[in-house]
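*Asks:* Data file my_file-v1.txt (compact mmCIF, C-alpha atoms) is appended below.
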```
# COMPACT_ATOMS: atom_id res chain seq x y z
CA MET C 1317 22.91 88.31 63.21
CA LYS C 1318 22.67 90.43 66.34
CA MET C 1319 23.93 93.98 65.86
CA THR C 1320 26.71 94.91 68.25
CA GLU C 1321 26.53 98.06 70.37
CA GLU C 1322 29.29 99.62 68.26
CA ASN C 1323 27.35 98.98 65.05
CA LYS C 1324 24.23 100.52 66.59
CA LYS C 1325 26.16 103.66 67.42
CA SER C 1326 27.55 103.93 63.91
CA THR C 1327 24.04 103.88 62.41
CA ILE C 1328 22.88 106.92 64.41
CA THR C 1329 22.65 109.96 62.13
CA MET C 1330 20.83 113.29 62.34
CA GLU C 1331 18.28 111.86 59.88
CA VAL C 1332 17.54 108.99 62.28
CA VAL C 1333 17.04 111.46 65.15
CA GLN C 1334 14.78 113.66 63.00
CA ASN C 1335 12.64 110.64 62.08
CA LEU C 1336 12.30 109.72 65.77
CA ILE C 1337 11.25 113.29 66.61
CA LYS C 1338 8.73 113.22 63.75
CA LYS C 1339 7.29 109.98 65.14
CA LYS C 1340 7.10 111.59 68.61
CA ASP C 1341 5.19 114.55 67.17
CA GLU C 1342 2.74 112.20 65.43
CA ILE C 1343 2.09 110.32 68.69
CA GLU C 1344 1.48 113.61 70.51
CA GLU C 1345 -1.03 114.61 67.84
CA GLN C 1346 -2.83 111.28 68.22
CA ILE C 1347 -2.95 111.65 72.02
CA LYS C 1348 -4.40 115.15 71.63
CA ALA C 1349 -7.02 113.84 69.20
CA TYR C 1350 -8.14 111.18 71.69
CA TYR C 1351 -8.26 113.78 74.50
CA ASP C 1352 -10.49 115.86 72.21
CA VAL C 1353 -12.80 112.84 71.94
CA LEU C 1354 -13.02 112.64 75.73
CA GLU C 1355 -13.64 116.37 75.90
CA ASP C 1356 -16.51 115.99 73.43
CA GLN C 1357 -17.93 113.27 75.70
CA GLY C 1358 -18.85 115.72 78.42
CA GLY C 1359 -15.24 116.34 79.45
CA VAL C 1360 -15.10 112.89 81.09
CA GLY C 1361 -11.30 112.75 80.75
CA MET C 1362 -9.26 109.74 81.82
CA GLU C 1363 -10.71 109.43 85.33
CA GLY C 1364 -14.31 110.59 85.02
CA SER C 1365 -16.97 108.08 86.13
CA LEU C 1366 -18.79 106.13 83.41
CA VAL C 1367 -21.78 105.29 85.63
CA ASP C 1368 -24.47 107.51 87.16
CA VAL C 1369 -25.30 107.90 90.83
CA GLU C 1370 -27.40 104.74 90.71
CA GLY C 1371 -24.57 102.72 89.24
CA TYR C 1372 -25.96 102.47 85.73
CA PRO C 1373 -23.91 103.24 82.59
CA ARG C 1374 -24.24 106.90 81.79
CA ALA C 1375 -26.70 107.46 78.97
CA ASP C 1376 -25.06 110.73 77.94
CA LEU C 1377 -21.82 109.00 76.97
CA ASP C 1378 -20.72 106.82 74.09
CA LEU C 1379 -19.07 104.32 76.44
CA TYR C 1380 -17.36 102.39 73.66
CA GLN C 1381 -15.83 105.59 72.29
CA VAL C 1382 -14.70 106.72 75.75
CA ARG C 1383 -13.13 103.33 76.62
CA THR C 1384 -11.41 103.16 73.22
CA ALA C 1385 -10.02 106.69 73.61
CA ARG C 1386 -8.78 106.01 77.15
CA HIS C 1387 -7.13 102.74 76.15
CA SER C 1388 -5.52 104.35 73.11
CA ILE C 1389 -4.19 107.25 75.20
CA SER C 1390 -2.65 104.86 77.74
CA CYS C 1391 -0.94 102.84 74.98
CA LEU C 1392 0.25 105.95 73.16
CA GLN C 1393 1.62 107.50 76.35
CA ASN C 1394 3.68 104.36 76.95
CA ASP C 1395 4.92 104.50 73.36
CA HIS C 1396 5.71 108.20 73.83
CA LYS C 1397 7.71 107.49 76.98
CA ASP C 1398 9.74 104.76 75.25
CA LEU C 1399 10.29 106.99 72.24
CA MET C 1400 11.56 109.86 74.39
CA LEU C 1401 14.12 107.51 75.95
CA GLU C 1402 15.14 106.36 72.47
CA ILE C 1403 15.52 109.97 71.27
CA GLU C 1404 17.59 110.84 74.34
CA ALA C 1405 19.88 107.86 73.76
CA ALA C 1406 20.15 108.63 70.03
CA LEU C 1407 21.08 112.27 70.69
CA HIS C 1408 23.67 111.18 73.23
CA GLN C 1409 25.20 108.73 70.73
CA LEU C 1410 25.08 111.30 67.93
CA HIS C 1411 26.83 113.95 70.04
CA ALA C 1412 29.40 111.41 71.24
CA HIS C 1413 30.07 110.36 67.63
CA GLU C 1414 30.43 114.00 66.50
CA ARG C 1415 32.72 114.75 69.45
CA ALA C 1416 34.88 111.73 68.65
CA LYS C 1417 35.00 112.77 64.98
CA ARG C 1418 36.08 116.31 65.90
CA GLN C 1419 38.81 114.94 68.16
CA HIS C 1420 39.93 112.57 65.40
CA ASP C 1421 40.00 115.40 62.83
CA GLN C 1422 41.95 117.64 65.21
CA GLN C 1423 44.44 114.87 65.91
CA GLU C 1424 44.85 114.22 62.19
CA ALA C 1425 45.38 117.94 61.53
CA GLN C 1426 47.99 118.13 64.30
CA GLU C 1427 49.79 115.05 62.99
CA GLU C 1428 49.69 116.44 59.45
CA ALA C 1429 51.08 119.78 60.65
CA MET C 1430 53.84 118.02 62.61
CA GLU C 1431 54.68 115.85 59.62
CA GLN C 1432 54.83 118.90 57.35
CA GLU C 1433 57.00 120.71 59.88
CA ARG C 1434 59.38 117.75 59.97
CA THR C 1435 59.64 117.72 56.18
CA LEU C 1436 60.17 121.49 55.78
CA PRO C 1437 63.74 122.62 55.14
CA PRO C 1438 65.40 124.52 58.01
CA ALA C 1439 64.91 128.30 58.03
CA PHE C 1440 68.03 130.43 57.72
CA ALA C 1441 66.59 133.91 58.38
CA GLN C 1442 63.62 135.61 60.00
CA VAL C 1443 61.62 138.75 59.27
CA ASP C 1444 61.63 140.98 62.38
CA HIS C 1445 60.11 144.17 60.92
CA VAL C 1446 57.83 145.07 58.00
CA THR C 1447 56.96 148.68 57.13
CA GLN C 1448 53.33 149.31 56.22
CA GLY C 1449 52.89 150.08 52.51
CA SER C 1450 56.31 148.72 51.54
CA PRO C 1451 56.91 146.13 48.78
CA ALA C 1452 57.41 143.51 51.51
CA SER C 1453 54.10 144.47 53.16
CA GLN C 1454 52.23 144.41 49.85
CA ALA C 1455 53.68 140.98 49.05
CA GLY C 1456 52.34 139.63 52.34
CA LEU C 1457 55.50 139.19 54.38
CA ARG C 1458 54.86 139.27 58.12
CA VAL C 1459 56.95 139.78 61.22
CA GLY C 1460 57.99 136.34 62.51
CA ASP C 1461 58.06 134.69 59.07
CA GLU C 1462 60.99 132.28 58.90
CA ILE C 1463 62.66 132.25 55.49
CA ILE C 1464 63.50 128.90 53.88
CA GLU C 1465 63.92 130.21 50.34
CA PHE C 1466 64.67 133.69 49.00
CA GLY C 1467 65.04 133.63 45.25
CA SER C 1468 68.13 131.49 44.62
CA VAL C 1469 69.17 131.57 48.30
CA ASN C 1470 68.32 128.44 50.28
CA PRO C 1471 69.53 126.67 53.46
CA GLY C 1472 72.24 124.91 51.48
CA ASN C 1473 73.97 128.02 50.12
CA PHE C 1474 73.09 130.75 52.64
CA GLN C 1475 76.14 132.22 54.33
CA ASN C 1476 75.10 135.68 55.48
CA LEU C 1477 72.63 138.49 54.78
CA GLN C 1478 74.79 139.70 51.88
CA ASN C 1479 73.48 136.70 49.92
CA ILE C 1480 69.93 138.06 50.22
CA ALA C 1481 71.02 141.66 49.58
CA SER C 1482 72.75 140.60 46.36
CA VAL C 1483 69.63 138.81 45.11
CA VAL C 1484 67.48 141.85 45.94
CA GLN C 1485 69.83 144.26 44.11
CA HIS C 1486 69.85 142.13 40.97
CA SER C 1487 66.04 141.63 41.02
CA GLU C 1488 64.74 145.21 41.13
CA GLY C 1489 61.36 145.30 39.37
CA LYS C 1490 61.33 141.51 39.02
CA SER C 1491 59.27 138.94 40.89
CA LEU C 1492 61.20 136.94 43.48
CA SER C 1493 59.93 133.64 44.83
CA VAL C 1494 60.13 133.66 48.61
CA ALA C 1495 59.13 130.70 50.79
CA VAL C 1496 58.56 131.16 54.51
CA VAL C 1497 57.37 129.06 57.43
CA ARG C 1498 54.37 130.63 59.17
CA ASP C 1499 52.50 128.86 61.97
CA GLY C 1500 54.19 125.62 61.00
CA GLN C 1501 53.01 125.88 57.40
CA ARG C 1502 54.96 126.61 54.22
CA VAL C 1503 53.78 129.89 52.64
CA GLN C 1504 54.85 130.90 49.14
CA ILE C 1505 55.17 134.63 48.44
CA SER C 1506 55.88 136.60 45.27
CA LEU C 1507 58.01 139.62 46.20
CA VAL C 1508 59.00 142.43 43.80
CA PRO C 1509 61.93 144.57 45.04
CA GLN C 1510 61.30 148.16 43.91
CA ARG C 1511 61.68 151.80 44.76
CA TRP C 1512 59.04 153.16 47.11
CA SER C 1513 58.60 156.11 49.49
CA GLY C 1514 60.73 154.46 52.18
CA ARG C 1515 64.30 153.17 52.39
CA GLY C 1516 65.64 150.23 50.37
CA LEU C 1517 63.84 148.04 47.89
CA LEU C 1518 61.90 145.84 50.34
CA GLY C 1519 60.85 147.84 53.38
CA CYS C 1520 61.53 145.03 55.82
CA ASN C 1521 64.28 143.91 58.14
CA ILE C 1522 65.69 140.39 58.00
CA GLN C 1523 67.96 138.77 60.57
CA PRO C 1524 69.96 135.53 60.32
CA LEU C 1525 68.31 132.73 62.25
CA ARG C 1526 70.49 130.82 64.68
CA ARG C 1527 69.27 127.32 65.51
```
Could you write out this structure as structure tokens?
*Replies:*
Amino acid sequence: MKMTEENKKSTITMEVVQNLIKKKDEIEEQIKAYYDVLEDQGGVGMEGSLVDVEGYPRADLDLYQVRTARHSISCLQNDHKDLMLEIEAALHQLHAHERAKRQHDQQEAQEEAMEQERTLPPAFAQVDHVTQGSPASQAGLRVGDEIIEFGSVNPGNFQNLQNIASVVQHSEGKSLSVAVVRDGQRVQISLVPQRWSGRGLLGCNIQPLRR
């Protein structure tokens, strides 16, 4: 059955290209070897005359060896030309395939991120300041993080910032599970409210988020 153009493209791999390049190198070595033969024959090359001034075959040459070398070089050069075209086409197909794969992977990643964003619960507050060295900073909270879960506080029961303050006050020295949305992704953080050199137990500022 005749292979379609699409099937041909799908069979192109880096290994195929490397094998073609290896074959090209082997042909170039063979061509060089035959040129060495011509060089040994008085440097007659591809165009040097095989007869003397009187029109007789040159006695200083192995005419059979020269003709064989010249014929072989001509055939190999044609093969080399065809192979170079094949390598060029294979590289083009390989790069096109890799480019299409990258685009496909990027599209899949974007769709996955959009799908995850759609399925994430709505944020009810946002971090607008984090003090360096504070419990919030050490836990990994960042400015811009949108809070979707703060201990027992979630979008369904959040009313105001007092809800968060109450949880913090009752959790001093204990690990709180905090979930935030960062760059469209859900990030889970373990936050321990505690005394530190600065004010409060967290060292960050949180504002209600109005949608």
*Asks:* Between C:Lys1340, C:His1445, C:Arg1511, C:His1396, which has the minimum distance to C:Gly1460 (counting only C-alpha atoms)?
*Replies:*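 Selected residue with least distance to C:Gly1460: C:His1445.
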*Asks:* If I take atom CA of C:Lys1397 and atom CA of C:Met1362, how far is one from the other in Å, to one decimal?
*Replies:*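 That distance, rounded to one decimal, is 17.8 Å.
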*Asks:* Figure out the distance between atom CA of C:Gln1346 and atom CA of C:Val1367, please, to one decimal in Å.
*Replies:* 26.4 Å
*Asks:* Please compute the atom CA of C:Val1494-atom CA of C:Ser1513 distance, one decimal, in Å.
*Replies:* 22.5 Å
*Asks:* Need the shell around C:Ala1481: protein/DNA/RNA residues with any atom at most 12 Å away, counting all atoms listed in the file. Skip same-chain ones fewer than 3 positions apart. Format as an MDAnalysis selection string?
*Replies:* chainID C and resid 1466:1469 1474:1478 1484:1488 1509 1516:1518 1520:1523
*Asks:* Of the residues C:Val1459, C:Ile1337, C:Ile1464, C:Leu1354, which is the one nearest to C:Leu1401, using only C-alpha atoms?
*Replies:* C:Ile1337
*Asks:* Between C:Asp1376, C:Asp1444, C:Asp1341, C:Glu1428, which has the minimum distance to C:Gln1501 (counting all atoms listed in the file)?
*Replies:*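 Selected residue with least distance to C:Gln1501: C:Glu1428.
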*Asks:* Rank C:Gln1504, C:Asn1394, C:Thr1447, C:Gln1510 by their smallest atom-to-atom distance to C:Glu1462, using only C-alpha atoms, and report the top residue only.
*Replies:*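 Using only C-alpha atoms, C:Glu1462 sits closest to C:Gln1504.
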*Asks:* What are the centre and the three edge lengths of an axis-aligned box that wraps all atoms of stretch 1398-1408 of chain C in the file, given that 6 Å is added to every side, written as lines of an AutoDock Vina configuration file and rounded to one decimal in Å?
*Replies:*
```
center_x = 16.7
center_y = 108.5
center_z = 73.0
size_x = 25.9
size_y = 19.5
size_z = 17.9
```
*Asks:* Given only C-alpha atoms as the basis, pick out the residue of C:Leu1407, C:Val1382, C:Val1353, C:Val1443 nearest to C:Ser1365.
*Replies:*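 For C:Ser1365, the nearest of the given residues is C:Val1382.
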*Asks:* Between C:Pro1451, C:Gly1472, C:Pro1437, C:Gly1361, single out the one closest to C:Trp1512, counting all atoms listed in the file.
*Replies:*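 Closest residue, counting all atoms listed in the file: C:Pro1451.
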